[in-house]
file work-v8.tsv (TSV, C-alpha atoms and all ligand atoms)
chain	number	residue	atom	x	y	z
A	1	MET	CA	-60.06	82.24	-80.47
A	2	LYS	CA	-58.78	84.52	-83.25
A	3	GLU	CA	-60.26	83.73	-86.67
A	4	PHE	CA	-58.69	84.25	-90.09
A	5	LYS	CA	-60.03	84.56	-93.62
A	6	ALA	CA	-59.99	81.01	-95.00
A	7	ARG	CA	-60.06	79.49	-98.49
A	8	ILE	CA	-61.01	75.82	-98.34
A	9	TYR	CA	-60.21	73.51	-101.27
A	10	ASP	CA	-61.52	70.24	-102.58
A	11	PHE	CA	-60.37	68.09	-105.47
A	12	ASP	CA	-63.62	68.89	-107.29
A	13	GLY	CA	-62.10	72.32	-107.94
A	14	THR	CA	-64.38	74.41	-105.76
A	15	ALA	CA	-62.97	76.84	-103.21
A	16	LYS	CA	-65.19	77.89	-100.32
A	17	THR	CA	-64.46	80.92	-98.20
A	18	ASP	CA	-64.98	81.00	-94.46
A	19	SER	CA	-63.55	82.40	-91.26
A	20	LEU	CA	-61.62	79.84	-89.19
A	21	SER	CA	-59.35	79.69	-86.18
A	22	LEU	CA	-55.96	78.05	-86.67
A	23	GLU	CA	-56.99	75.01	-84.63
A	24	HIS	CA	-60.30	74.59	-86.46
A	25	ALA	CA	-58.52	74.69	-89.83
A	26	PHE	CA	-55.90	72.19	-88.63
A	27	ASN	CA	-58.56	69.82	-87.30
A	28	LEU	CA	-60.47	69.94	-90.62
A	29	VAL	CA	-57.33	68.95	-92.56
A	30	HIS	CA	-55.97	66.50	-90.00
A	31	GLY	CA	-59.35	64.78	-89.71
A	32	GLY	CA	-59.48	64.30	-93.49
A	33	GLU	CA	-62.47	66.58	-94.19
A	34	TYR	CA	-60.39	68.80	-96.49
A	35	ASP	CA	-56.97	68.39	-98.06
A	36	VAL	CA	-55.92	72.05	-98.28
A	37	ILE	CA	-56.94	75.21	-96.41
A	38	LEU	CA	-55.34	78.64	-96.85
A	39	LEU	CA	-55.54	81.04	-93.90
A	40	GLN	CA	-54.65	84.71	-94.29
A	41	VAL	CA	-52.62	85.04	-91.07
A	42	GLU	CA	-50.15	87.87	-91.72
A	43	SER	CA	-49.63	91.05	-93.69
A	44	GLN	CA	-46.78	91.38	-96.21
A	45	GLU	CA	-44.72	93.50	-93.75
A	46	GLY	CA	-45.49	91.13	-90.88
A	47	VAL	CA	-44.35	88.09	-92.78
A	48	GLU	CA	-41.08	89.76	-93.72
A	49	LEU	CA	-40.47	90.24	-90.02
A	50	TRP	CA	-41.12	86.53	-89.44
A	51	TRP	CA	-38.57	85.72	-92.16
A	52	GLY	CA	-36.06	88.20	-90.71
A	53	LYS	CA	-36.26	86.62	-87.27
A	54	HIS	CA	-35.29	83.30	-88.83
A	55	ASP	CA	-32.52	84.93	-90.86
A	56	ASP	CA	-31.03	86.20	-87.58
A	57	LEU	CA	-30.40	82.58	-86.63
A	58	ALA	CA	-27.82	82.47	-89.43
A	59	MET	CA	-28.30	78.78	-90.04
A	60	ASN	CA	-26.33	77.25	-92.85
A	61	GLY	CA	-28.15	76.64	-96.10
A	62	HIS	CA	-28.80	73.01	-96.91
A	63	ARG	CA	-29.46	71.79	-100.41
A	64	TYR	CA	-32.35	69.44	-99.80
A	65	HIS	CA	-33.39	68.86	-103.37
A	66	THR	CA	-32.11	70.29	-106.62
A	67	GLY	CA	-34.69	73.07	-106.58
A	68	ILE	CA	-34.98	74.00	-102.89
A	69	MET	CA	-32.59	75.29	-100.21
A	70	THR	CA	-33.49	74.99	-96.52
A	71	SER	CA	-32.13	76.81	-93.49
A	72	GLY	CA	-31.27	73.64	-91.59
A	73	MET	CA	-31.16	69.92	-92.17
A	74	THR	CA	-34.77	68.83	-92.46
A	75	LEU	CA	-36.39	65.50	-91.67
A	76	GLY	CA	-36.65	64.75	-95.41
A	77	LYS	CA	-32.89	64.50	-95.67
A	78	LEU	CA	-32.67	62.27	-92.60
A	79	GLN	CA	-35.41	60.00	-93.93
A	80	ARG	CA	-33.62	59.57	-97.26
A	81	ALA	CA	-30.44	58.39	-95.48
A	82	THR	CA	-29.64	54.71	-96.08
A	83	ASN	CA	-28.78	52.32	-93.22
A	84	GLU	CA	-25.08	53.07	-93.78
A	85	GLU	CA	-25.60	56.86	-93.79
A	86	TYR	CA	-28.11	56.99	-90.92
A	87	GLN	CA	-25.78	57.29	-87.91
A	88	ALA	CA	-23.81	60.26	-89.28
A	89	THR	CA	-26.88	61.97	-90.77
A	90	SER	CA	-28.90	61.64	-87.57
A	91	GLU	CA	-26.03	63.13	-85.50
A	92	LEU	CA	-26.04	66.14	-87.82
A	93	TYR	CA	-29.83	66.47	-87.78
A	94	PHE	CA	-30.33	66.24	-83.99
A	95	ASN	CA	-27.24	68.31	-83.16
A	96	SER	CA	-28.33	71.11	-85.48
A	97	ALA	CA	-31.93	70.92	-84.14
A	98	ASN	CA	-30.53	71.15	-80.63
A	99	VAL	CA	-28.60	74.30	-81.49
A	100	VAL	CA	-31.29	76.17	-83.42
A	101	ASN	CA	-34.48	75.18	-81.56
A	102	ALA	CA	-33.73	77.42	-78.58
A	103	ALA	CA	-33.66	80.40	-80.96
A	104	LEU	CA	-36.57	79.15	-83.09
A	105	LYS	CA	-38.76	79.08	-79.95
A	106	GLN	CA	-38.39	82.90	-79.78
A	107	THR	CA	-39.64	83.47	-83.35
A	108	PRO	CA	-43.11	84.87	-84.19
A	109	TYR	CA	-43.54	81.76	-86.38
A	110	PHE	CA	-43.25	79.34	-83.44
A	111	GLU	CA	-45.18	81.62	-81.08
A	112	PHE	CA	-48.03	81.66	-83.58
A	113	PHE	CA	-48.38	77.86	-83.38
A	114	GLU	CA	-47.76	77.82	-79.66
A	115	GLN	CA	-50.65	80.23	-79.15
A	116	GLY	CA	-53.04	78.88	-81.79
A	117	LEU	CA	-52.46	75.13	-81.39
A	118	SER	CA	-50.64	74.87	-78.05
A	119	ALA	CA	-48.01	73.15	-80.24
A	120	LYS	CA	-45.04	71.57	-78.53
A	121	THR	CA	-41.79	70.25	-79.97
A	122	LEU	CA	-41.42	66.54	-80.67
A	123	GLU	CA	-38.86	64.29	-79.00
A	124	VAL	CA	-38.44	61.04	-80.94
A	125	GLU	CA	-36.28	59.59	-78.17
A	126	PRO	CA	-35.46	61.08	-74.76
A	127	GLY	CA	-33.22	64.10	-75.36
A	128	ARG	CA	-33.59	63.96	-79.16
A	129	GLU	CA	-35.78	66.92	-80.09
A	130	MET	CA	-36.72	67.36	-83.72
A	131	LEU	CA	-36.15	70.61	-85.59
A	132	ILE	CA	-39.12	73.01	-85.28
A	133	ALA	CA	-39.16	74.64	-88.70
A	134	SER	CA	-37.13	75.59	-91.75
A	135	GLN	CA	-36.92	78.52	-94.09
A	136	ARG	CA	-37.16	77.36	-97.69
A	137	GLU	CA	-35.76	79.22	-100.67
A	138	TYR	CA	-36.57	78.26	-104.24
A	139	PRO	CA	-33.97	79.83	-106.52
A	140	PRO	CA	-34.99	80.73	-110.09
A	141	SER	CA	-35.19	77.48	-112.04
A	142	THR	CA	-35.58	76.29	-115.61
A	143	GLU	CA	-36.87	72.83	-114.67
A	144	LYS	CA	-39.65	71.67	-116.99
A	145	ASN	CA	-42.38	71.09	-114.40
A	146	PHE	CA	-41.40	71.46	-110.77
A	147	SER	CA	-38.91	73.24	-108.50
A	148	PHE	CA	-39.83	70.78	-105.74
A	149	ALA	CA	-40.72	67.50	-107.42
A	150	PRO	CA	-43.90	65.63	-106.40
A	151	HIS	CA	-43.43	63.84	-103.08
A	152	ALA	CA	-45.32	62.86	-99.93
A	153	ASP	CA	-44.34	63.22	-96.27
A	154	SER	CA	-44.87	60.85	-93.39
A	155	ILE	CA	-42.81	60.77	-90.21
A	156	SER	CA	-42.67	56.96	-90.40
A	157	TYR	CA	-41.19	56.78	-93.94
A	158	ALA	CA	-37.46	56.32	-93.29
A	159	ARG	CA	-35.19	54.37	-95.63
A	160	ALA	CA	-33.08	53.31	-92.62
A	161	ASN	CA	-36.12	51.58	-91.23
A	162	ASP	CA	-34.29	49.62	-88.52
A	163	SER	CA	-32.77	52.75	-87.00
A	164	TRP	CA	-35.60	55.29	-87.32
A	165	PRO	CA	-37.58	55.16	-84.05
A	166	ILE	CA	-41.01	56.22	-85.36
A	167	LYS	CA	-42.91	53.27	-86.81
A	168	THR	CA	-46.48	54.52	-86.22
A	169	SER	CA	-48.27	55.68	-89.36
A	170	TYR	CA	-49.68	58.94	-87.99
A	171	PRO	CA	-52.05	61.23	-89.86
A	172	GLN	CA	-49.74	64.15	-90.66
A	173	THR	CA	-50.46	67.76	-91.57
A	174	ALA	CA	-48.02	70.30	-92.98
A	175	ALA	CA	-48.12	74.07	-93.08
A	176	PHE	CA	-46.03	76.69	-94.82
A	177	ILE	CA	-46.37	80.45	-94.85
A	178	THR	CA	-45.56	82.21	-98.12
A	179	VAL	CA	-43.06	85.04	-97.59
A	180	GLN	CA	-42.33	85.78	-101.24
A	181	ASN	CA	-43.94	84.42	-104.39
A	182	ALA	CA	-42.14	83.71	-107.66
A	183	ALA	CA	-43.00	86.18	-110.43
A	184	ASN	CA	-44.78	83.41	-112.36
A	185	GLU	CA	-46.77	82.58	-109.18
A	186	ALA	CA	-45.55	78.98	-109.29
A	187	GLY	CA	-48.34	76.97	-107.71
A	188	PHE	CA	-48.64	74.31	-105.06
A	189	VAL	CA	-50.04	71.16	-106.73
A	190	MET	CA	-51.64	68.25	-104.93
A	191	TRP	CA	-52.76	64.87	-106.29
A	192	ASP	CA	-55.44	62.70	-104.72
A	193	TYR	CA	-52.87	59.93	-104.24
A	194	LEU	CA	-51.54	58.76	-100.90
A	195	PRO	CA	-48.56	56.36	-101.22
A	196	SER	CA	-49.00	53.63	-98.62
A	197	SER	CA	-45.33	53.09	-97.74
A	198	ARG	CA	-41.80	54.46	-98.11
A	199	SER	CA	-41.11	51.86	-100.82
A	200	GLU	CA	-44.23	52.87	-102.81
A	201	LEU	CA	-43.08	56.50	-102.59
A	202	ASP	CA	-39.52	55.50	-103.58
A	203	GLU	CA	-40.91	53.64	-106.61
A	204	PHE	CA	-42.50	56.88	-107.79
A	205	ILE	CA	-39.34	58.92	-107.04
A	206	ALA	CA	-37.28	56.43	-109.09
A	207	LEU	CA	-39.74	56.54	-112.00
A	208	TYR	CA	-39.85	60.36	-111.98
A	209	GLY	CA	-36.04	60.55	-111.69
A	210	LYS	CA	-35.57	58.23	-114.67
A	211	ASP	CA	-38.27	59.66	-116.89
A	212	GLU	CA	-40.15	62.77	-115.74
A	213	ALA	CA	-42.79	62.40	-118.47
A	214	GLN	CA	-43.62	58.88	-117.27
A	215	GLY	CA	-43.82	60.14	-113.69
A	216	MET	CA	-46.27	62.84	-114.79
A	217	GLU	CA	-48.28	60.28	-116.75
A	218	PHE	CA	-48.53	58.10	-113.63
A	219	LEU	CA	-49.83	61.06	-111.59
A	220	ALA	CA	-52.27	62.08	-114.31
A	221	GLN	CA	-54.51	59.12	-113.38
A	222	PHE	CA	-55.36	60.91	-110.10
A	223	GLU	CA	-57.43	64.03	-109.55
A	224	SER	CA	-55.27	67.06	-108.83
A	225	MET	CA	-55.57	70.70	-107.82
A	226	GLU	CA	-53.32	73.72	-108.23
A	227	ILE	CA	-53.37	76.37	-105.52
A	228	ASN	CA	-51.66	79.74	-105.43
A	229	PRO	CA	-51.17	80.90	-101.84
A	230	GLU	CA	-50.65	84.64	-101.47
A	231	VAL	CA	-47.93	86.28	-99.39
A	232	GLY	CA	-48.97	86.03	-95.71
A	233	GLU	CA	-51.23	83.03	-96.30
A	234	LEU	CA	-50.59	79.86	-94.36
A	235	CYS	CA	-51.15	76.76	-96.51
A	236	ILE	CA	-52.31	73.88	-94.30
A	237	PHE	CA	-52.42	70.56	-96.13
A	238	ASN	CA	-52.51	66.78	-95.96
A	239	CYS	CA	-48.85	66.15	-96.66
A	240	ARG	CA	-49.28	62.38	-96.92
A	241	LYS	CA	-50.83	63.00	-100.34
A	242	MET	CA	-48.50	63.69	-103.28
A	243	HIS	CA	-47.68	67.36	-103.72
A	244	GLY	CA	-45.06	69.56	-105.36
A	245	ILE	CA	-44.09	73.15	-106.16
A	246	GLN	CA	-44.17	74.22	-109.80
A	247	THR	CA	-41.06	75.69	-111.38
A	248	CYS	CA	-40.25	79.10	-109.87
A	249	ASP	CA	-38.86	81.62	-112.35
A	250	THR	CA	-37.70	84.01	-109.59
A	251	LEU	CA	-36.85	83.47	-105.92
A	252	ARG	CA	-39.73	82.05	-103.81
A	253	LYS	CA	-39.54	81.97	-100.00
A	254	THR	CA	-41.56	80.06	-97.39
A	255	ILE	CA	-41.27	78.93	-93.76
A	256	GLY	CA	-42.82	75.58	-92.90
A	257	SER	CA	-43.19	72.58	-90.59
A	258	PHE	CA	-45.03	69.29	-90.12
A	259	PHE	CA	-47.50	68.39	-87.39
A	260	ILE	CA	-48.78	65.20	-85.78
A	261	LYS	CA	-51.03	64.73	-82.76
A	262	GLN	CA	-49.32	62.95	-79.90
A	263	ASP	CA	-50.58	64.18	-76.55
A	264	GLY	CA	-51.56	67.46	-78.32
A	265	TRP	CA	-50.07	69.02	-81.46
A	266	ARG	CA	-46.37	68.39	-82.11
A	267	ILE	CA	-44.40	70.52	-84.54
A	268	PHE	CA	-41.32	69.31	-86.44
A	269	ASP	CA	-39.44	69.60	-89.70
A	301	LIG	O1	-42.62	75.29	-98.29
A	301	LIG	C1	-43.12	74.95	-99.37
A	301	LIG	O2	-43.04	75.63	-100.38
A	301	LIG	C2	-43.83	73.61	-99.50
A	301	LIG	C3	-42.87	72.53	-99.26
A	301	LIG	C4	-43.44	71.15	-99.31
A	301	LIG	O3	-43.82	70.66	-100.32
A	301	LIG	C5	-43.44	70.37	-98.08
A	301	LIG	O4	-43.30	70.94	-96.98
A	301	LIG	O5	-43.60	69.14	-98.17
call {"tool": "encode", "arguments": {"input": "work-v8.tsv", "output": "structure tokens"}}
result
Amino acid sequence: MKEFKARIYDFDGTAKTDSLSLEHAFNLVHGGEYDVILLQVESQEGVELWWGKHDDLAMNGHRYHTGIMTSGMTLGKLQRATNEEYQATSELYFNSANVVNAALKQTPYFEFFEQGLSAKTLEVEPGREMLIASQREYPPSTEKNFSFAPHADSISYARANDSWPIKTSYPQTAAFITVQNAANEAGFVMWDYLPSSRSELDEFIALYGKDEAQGMEFLAQFESMEINPEVGELCIFNCRKMHGIQTCDTLRKTIGSFFIKQDGWRIFD
């Protein structure tokens, strides 16, 4: 199994270096031994090729959050839909996944996870395949703290709880590859705080939306770490813990997905 240069992080601030296969790194994060591992998986030129292959898909840009654009409608947007919005939003999500997944399966990004993790796509209901991945663009921003505000991701956290088919609270891992860094090297920040439900997460989002300083004060009670992945590094992390992307002063680009284990690794976004 191919191994990559790894930087392994802990909330105590230490970073260990090692050499790990993709699956070993994923198992360490998914099993809760570490919260963040960076793997140097591609060169700068290589990663631009990965990005270019996604660009060829010519997917429409979606504004997911104020500070981040994604290449397709991601799960985050579907999960924020209310009961009233769910039907229309889910049609858009699954239809667009249906259209782009065939092309995404030919990308070096997907092939990398297919080879290293034997990752398969995830069907939440028969015939309803989730999107594999998205390109993310962070345009230059003047936000005080974050381009992508602190949040946490769990496949079970839908607002339209009655309609969303996944109720199981799975351990969930995320990964993104950095294609281009912002000039100020805006970091990835993680807090040692795992909201226990969609409503607990929504309480934080409401607090942060109303008064960012109070939101930051709330998070300050938890240990945190700031990590600066380099271009070509894959950041593998426990996405159920709060995390965010600091304000980017120039364009930042990543490609990323989420993963759960259900009869092997499943990739979705
Ligand atoms: O792609 C990135 O920059 C990280 C995005 C993120 O926070 C996430 O996937 O939850």
call {"tool": "residues_near_ligand", "arguments": {"input": "work-v8.tsv", "ligand": "ligand LIG 301 (chain A)", "cutoff": "9 Å", "atoms": "all atoms listed in the file", "output": "MDAnalysis selection string"}}
result
chainID A and resid 68 76 134:138 148:153 174:178 188:189 235 239:240 242:245 252:258 269
call {"tool": "atom_distance", "arguments": {"input": "work-v8.tsv", "atom1": "CA of Glu33 in chain A", "atom2": "CA of Asp10 in chain A"}}
result
9.2 Å
call {"tool": "residues_around", "arguments": {"input": "work-v8.tsv", "residues": "range 86-99 of chain A", "least_positions_apart": "6", "cutoff": "10 Å", "atoms": "only C-alpha atoms", "output": "MDAnalysis selection string"}}
result
chainID A and resid 57 59:60 72:75 77:80 127:133 158:164 268:269
call {"tool": "write_last_selection", "arguments": {"input": "work-v8.tsv", "atoms": "C-alpha atoms", "output": "tab-separated table (two decimals), in the frame of the given file"}}
result
chain	number	residue	atom	x	y	z
A	57	LEU	CA	-30.40	82.58	-86.63
A	59	MET	CA	-28.30	78.78	-90.04
A	60	ASN	CA	-26.33	77.25	-92.85
A	72	GLY	CA	-31.27	73.64	-91.59
A	73	MET	CA	-31.16	69.92	-92.17
A	74	THR	CA	-34.77	68.83	-92.46
A	75	LEU	CA	-36.39	65.50	-91.67
A	77	LYS	CA	-32.89	64.50	-95.67
A	78	LEU	CA	-32.67	62.27	-92.60
A	79	GLN	CA	-35.41	60.00	-93.93
A	80	ARG	CA	-33.62	59.57	-97.26
A	127	GLY	CA	-33.22	64.10	-75.36
A	128	ARG	CA	-33.59	63.96	-79.16
A	129	GLU	CA	-35.78	66.92	-80.09
A	130	MET	CA	-36.72	67.36	-83.72
A	131	LEU	CA	-36.15	70.61	-85.59
A	132	ILE	CA	-39.12	73.01	-85.28
A	133	ALA	CA	-39.16	74.64	-88.70
A	158	ALA	CA	-37.46	56.32	-93.29
A	159	ARG	CA	-35.19	54.37	-95.63
A	160	ALA	CA	-33.08	53.31	-92.62
A	161	ASN	CA	-36.12	51.58	-91.23
A	162	ASP	CA	-34.29	49.62	-88.52
A	163	SER	CA	-32.77	52.75	-87.00
A	164	TRP	CA	-35.60	55.29	-87.32
A	268	PHE	CA	-41.32	69.31	-86.44
A	269	ASP	CA	-39.44	69.60	-89.70
call {"tool": "residues_around", "arguments": {"input": "work-v8.tsv", "residues": "Pro140 in chain A", "least_positions_apart": "6", "cutoff": "9 Å", "atoms": "all atoms listed in the file", "output": "list in words"}}
result
Gly67, Ser147, Ala182, Thr247, Cys248, Asp249, Thr250, Leu251 and Arg252 of chain A
call {"tool": "closest_residue", "arguments": {"input": "work-v8.tsv", "among": "A:Glu85, A:Asp263, A:Glu42, A:Asp12", "to": "Ser224 in chain A", "atoms": "all atoms listed in the file"}}
result
A:Asp12
call {"tool": "build_atoms", "arguments": {"input": "work-v8.tsv", "residues": "range 148-180 of chain A", "atoms": "N, CA and C atoms", "output": "PDB file, in the coordinates of the input"}}
result
ATOM      1  N   PHE A 148     -39.848  71.833-106.759  1.00  0.00           N
ATOM      2  CA  PHE A 148     -39.830  70.780-105.740  1.00  0.00           C
ATOM      3  C   PHE A 148     -40.703  69.659-106.299  1.00  0.00           C
ATOM      4  N   ALA A 149     -40.039  68.602-106.716  1.00  0.00           N
ATOM      5  CA  ALA A 149     -40.720  67.500-107.420  1.00  0.00           C
ATOM      6  C   ALA A 149     -41.808  66.875-106.543  1.00  0.00           C
ATOM      7  N   PRO A 150     -42.823  66.267-107.168  1.00  0.00           N
ATOM      8  CA  PRO A 150     -43.900  65.630-106.400  1.00  0.00           C
ATOM      9  C   PRO A 150     -43.346  64.633-105.377  1.00  0.00           C
ATOM     10  N   HIS A 151     -43.870  64.705-104.169  1.00  0.00           N
ATOM     11  CA  HIS A 151     -43.430  63.840-103.080  1.00  0.00           C
ATOM     12  C   HIS A 151     -44.533  63.784-102.035  1.00  0.00           C
ATOM     13  N   ALA A 152     -44.365  62.935-101.030  1.00  0.00           N
ATOM     14  CA  ALA A 152     -45.320  62.860 -99.930  1.00  0.00           C
ATOM     15  C   ALA A 152     -44.524  62.736 -98.644  1.00  0.00           C
ATOM     16  N   ASP A 153     -45.088  63.200 -97.524  1.00  0.00           N
ATOM     17  CA  ASP A 153     -44.340  63.220 -96.270  1.00  0.00           C
ATOM     18  C   ASP A 153     -45.073  62.458 -95.177  1.00  0.00           C
ATOM     19  N   SER A 154     -44.342  61.526 -94.563  1.00  0.00           N
ATOM     20  CA  SER A 154     -44.870  60.850 -93.390  1.00  0.00           C
ATOM     21  C   SER A 154     -43.708  60.607 -92.443  1.00  0.00           C
ATOM     22  N   ILE A 155     -43.909  60.889 -91.173  1.00  0.00           N
ATOM     23  CA  ILE A 155     -42.810  60.770 -90.210  1.00  0.00           C
ATOM     24  C   ILE A 155     -42.303  59.331 -90.098  1.00  0.00           C
ATOM     25  N   SER A 156     -43.102  58.369 -90.533  1.00  0.00           N
ATOM     26  CA  SER A 156     -42.670  56.960 -90.400  1.00  0.00           C
ATOM     27  C   SER A 156     -41.878  56.450 -91.609  1.00  0.00           C
ATOM     28  N   TYR A 157     -41.765  57.273 -92.670  1.00  0.00           N
ATOM     29  CA  TYR A 157     -41.190  56.780 -93.940  1.00  0.00           C
ATOM     30  C   TYR A 157     -39.670  56.873 -94.044  1.00  0.00           C
ATOM     31  N   ALA A 158     -38.919  56.229 -93.160  1.00  0.00           N
ATOM     32  CA  ALA A 158     -37.460  56.320 -93.290  1.00  0.00           C
ATOM     33  C   ALA A 158     -36.916  55.167 -94.124  1.00  0.00           C
ATOM     34  N   ARG A 159     -35.850  55.457 -94.879  1.00  0.00           N
ATOM     35  CA  ARG A 159     -35.190  54.370 -95.630  1.00  0.00           C
ATOM     36  C   ARG A 159     -34.418  53.477 -94.657  1.00  0.00           C
ATOM     37  N   ALA A 160     -33.806  54.110 -93.620  1.00  0.00           N
ATOM     38  CA  ALA A 160     -33.080  53.310 -92.620  1.00  0.00           C
ATOM     39  C   ALA A 160     -34.097  52.849 -91.581  1.00  0.00           C
ATOM     40  N   ASN A 161     -34.956  51.962 -92.013  1.00  0.00           N
ATOM     41  CA  ASN A 161     -36.120  51.580 -91.230  1.00  0.00           C
ATOM     42  C   ASN A 161     -35.774  50.995 -89.871  1.00  0.00           C
ATOM     43  N   ASP A 162     -34.655  50.265 -89.796  1.00  0.00           N
ATOM     44  CA  ASP A 162     -34.290  49.620 -88.520  1.00  0.00           C
ATOM     45  C   ASP A 162     -33.897  50.666 -87.483  1.00  0.00           C
ATOM     46  N   SER A 163     -33.285  51.758 -87.947  1.00  0.00           N
ATOM     47  CA  SER A 163     -32.770  52.750 -87.000  1.00  0.00           C
ATOM     48  C   SER A 163     -33.799  53.814 -86.627  1.00  0.00           C
ATOM     49  N   TRP A 164     -34.675  54.176 -87.569  1.00  0.00           N
ATOM     50  CA  TRP A 164     -35.600  55.290 -87.320  1.00  0.00           C
ATOM     51  C   TRP A 164     -36.640  54.874 -86.277  1.00  0.00           C
ATOM     52  N   PRO A 165     -36.751  55.633 -85.164  1.00  0.00           N
ATOM     53  CA  PRO A 165     -37.580  55.160 -84.050  1.00  0.00           C
ATOM     54  C   PRO A 165     -39.091  55.249 -84.278  1.00  0.00           C
ATOM     55  N   ILE A 166     -39.543  56.041 -85.237  1.00  0.00           N
ATOM     56  CA  ILE A 166     -41.010  56.220 -85.360  1.00  0.00           C
ATOM     57  C   ILE A 166     -41.574  55.255 -86.386  1.00  0.00           C
ATOM     58  N   LYS A 167     -42.323  54.284 -85.914  1.00  0.00           N
ATOM     59  CA  LYS A 167     -42.910  53.270 -86.810  1.00  0.00           C
ATOM     60  C   LYS A 167     -44.399  53.520 -87.041  1.00  0.00           C
ATOM     61  N   THR A 168     -45.021  54.287 -86.129  1.00  0.00           N
ATOM     62  CA  THR A 168     -46.480  54.520 -86.220  1.00  0.00           C
ATOM     63  C   THR A 168     -46.813  55.347 -87.452  1.00  0.00           C
ATOM     64  N   SER A 169     -47.833  54.928 -88.177  1.00  0.00           N
ATOM     65  CA  SER A 169     -48.270  55.680 -89.360  1.00  0.00           C
ATOM     66  C   SER A 169     -49.285  56.742 -88.951  1.00  0.00           C
ATOM     67  N   TYR A 170     -48.799  57.866 -88.487  1.00  0.00           N
ATOM     68  CA  TYR A 170     -49.680  58.940 -87.990  1.00  0.00           C
ATOM     69  C   TYR A 170     -50.345  59.693 -89.133  1.00  0.00           C
ATOM     70  N   PRO A 171     -51.594  60.171 -88.963  1.00  0.00           N
ATOM     71  CA  PRO A 171     -52.050  61.230 -89.860  1.00  0.00           C
ATOM     72  C   PRO A 171     -51.078  62.392 -89.685  1.00  0.00           C
ATOM     73  N   GLN A 172     -50.735  63.062 -90.749  1.00  0.00           N
ATOM     74  CA  GLN A 172     -49.740  64.150 -90.660  1.00  0.00           C
ATOM     75  C   GLN A 172     -50.209  65.339 -91.486  1.00  0.00           C
ATOM     76  N   THR A 173     -50.071  66.519 -90.892  1.00  0.00           N
ATOM     77  CA  THR A 173     -50.460  67.760 -91.570  1.00  0.00           C
ATOM     78  C   THR A 173     -49.218  68.624 -91.720  1.00  0.00           C
ATOM     79  N   ALA A 174     -49.137  69.370 -92.802  1.00  0.00           N
ATOM     80  CA  ALA A 174     -48.020  70.300 -92.980  1.00  0.00           C
ATOM     81  C   ALA A 174     -48.579  71.705 -93.112  1.00  0.00           C
ATOM     82  N   ALA A 175     -47.728  72.674 -92.853  1.00  0.00           N
ATOM     83  CA  ALA A 175     -48.120  74.070 -93.080  1.00  0.00           C
ATOM     84  C   ALA A 175     -46.898  74.854 -93.520  1.00  0.00           C
ATOM     85  N   PHE A 176     -47.103  75.747 -94.482  1.00  0.00           N
ATOM     86  CA  PHE A 176     -46.030  76.690 -94.820  1.00  0.00           C
ATOM     87  C   PHE A 176     -46.648  78.056 -95.043  1.00  0.00           C
ATOM     88  N   ILE A 177     -45.901  79.085 -94.623  1.00  0.00           N
ATOM     89  CA  ILE A 177     -46.370  80.450 -94.850  1.00  0.00           C
ATOM     90  C   ILE A 177     -45.556  81.008 -96.022  1.00  0.00           C
ATOM     91  N   THR A 178     -46.252  81.635 -96.959  1.00  0.00           N
ATOM     92  CA  THR A 178     -45.560  82.210 -98.120  1.00  0.00           C
ATOM     93  C   THR A 178     -45.042  83.594 -97.750  1.00  0.00           C
ATOM     94  N   VAL A 179     -43.729  83.765 -97.917  1.00  0.00           N
ATOM     95  CA  VAL A 179     -43.060  85.040 -97.590  1.00  0.00           C
ATOM     96  C   VAL A 179     -42.836  85.831 -98.868  1.00  0.00           C
ATOM     97  N   GLN A 180     -42.542  85.121 -99.936  1.00  0.00           N
ATOM     98  CA  GLN A 180     -42.330  85.780-101.240  1.00  0.00           C
ATOM     99  C   GLN A 180     -42.736  84.792-102.332  1.00  0.00           C
TER     100      GLN A 180
END
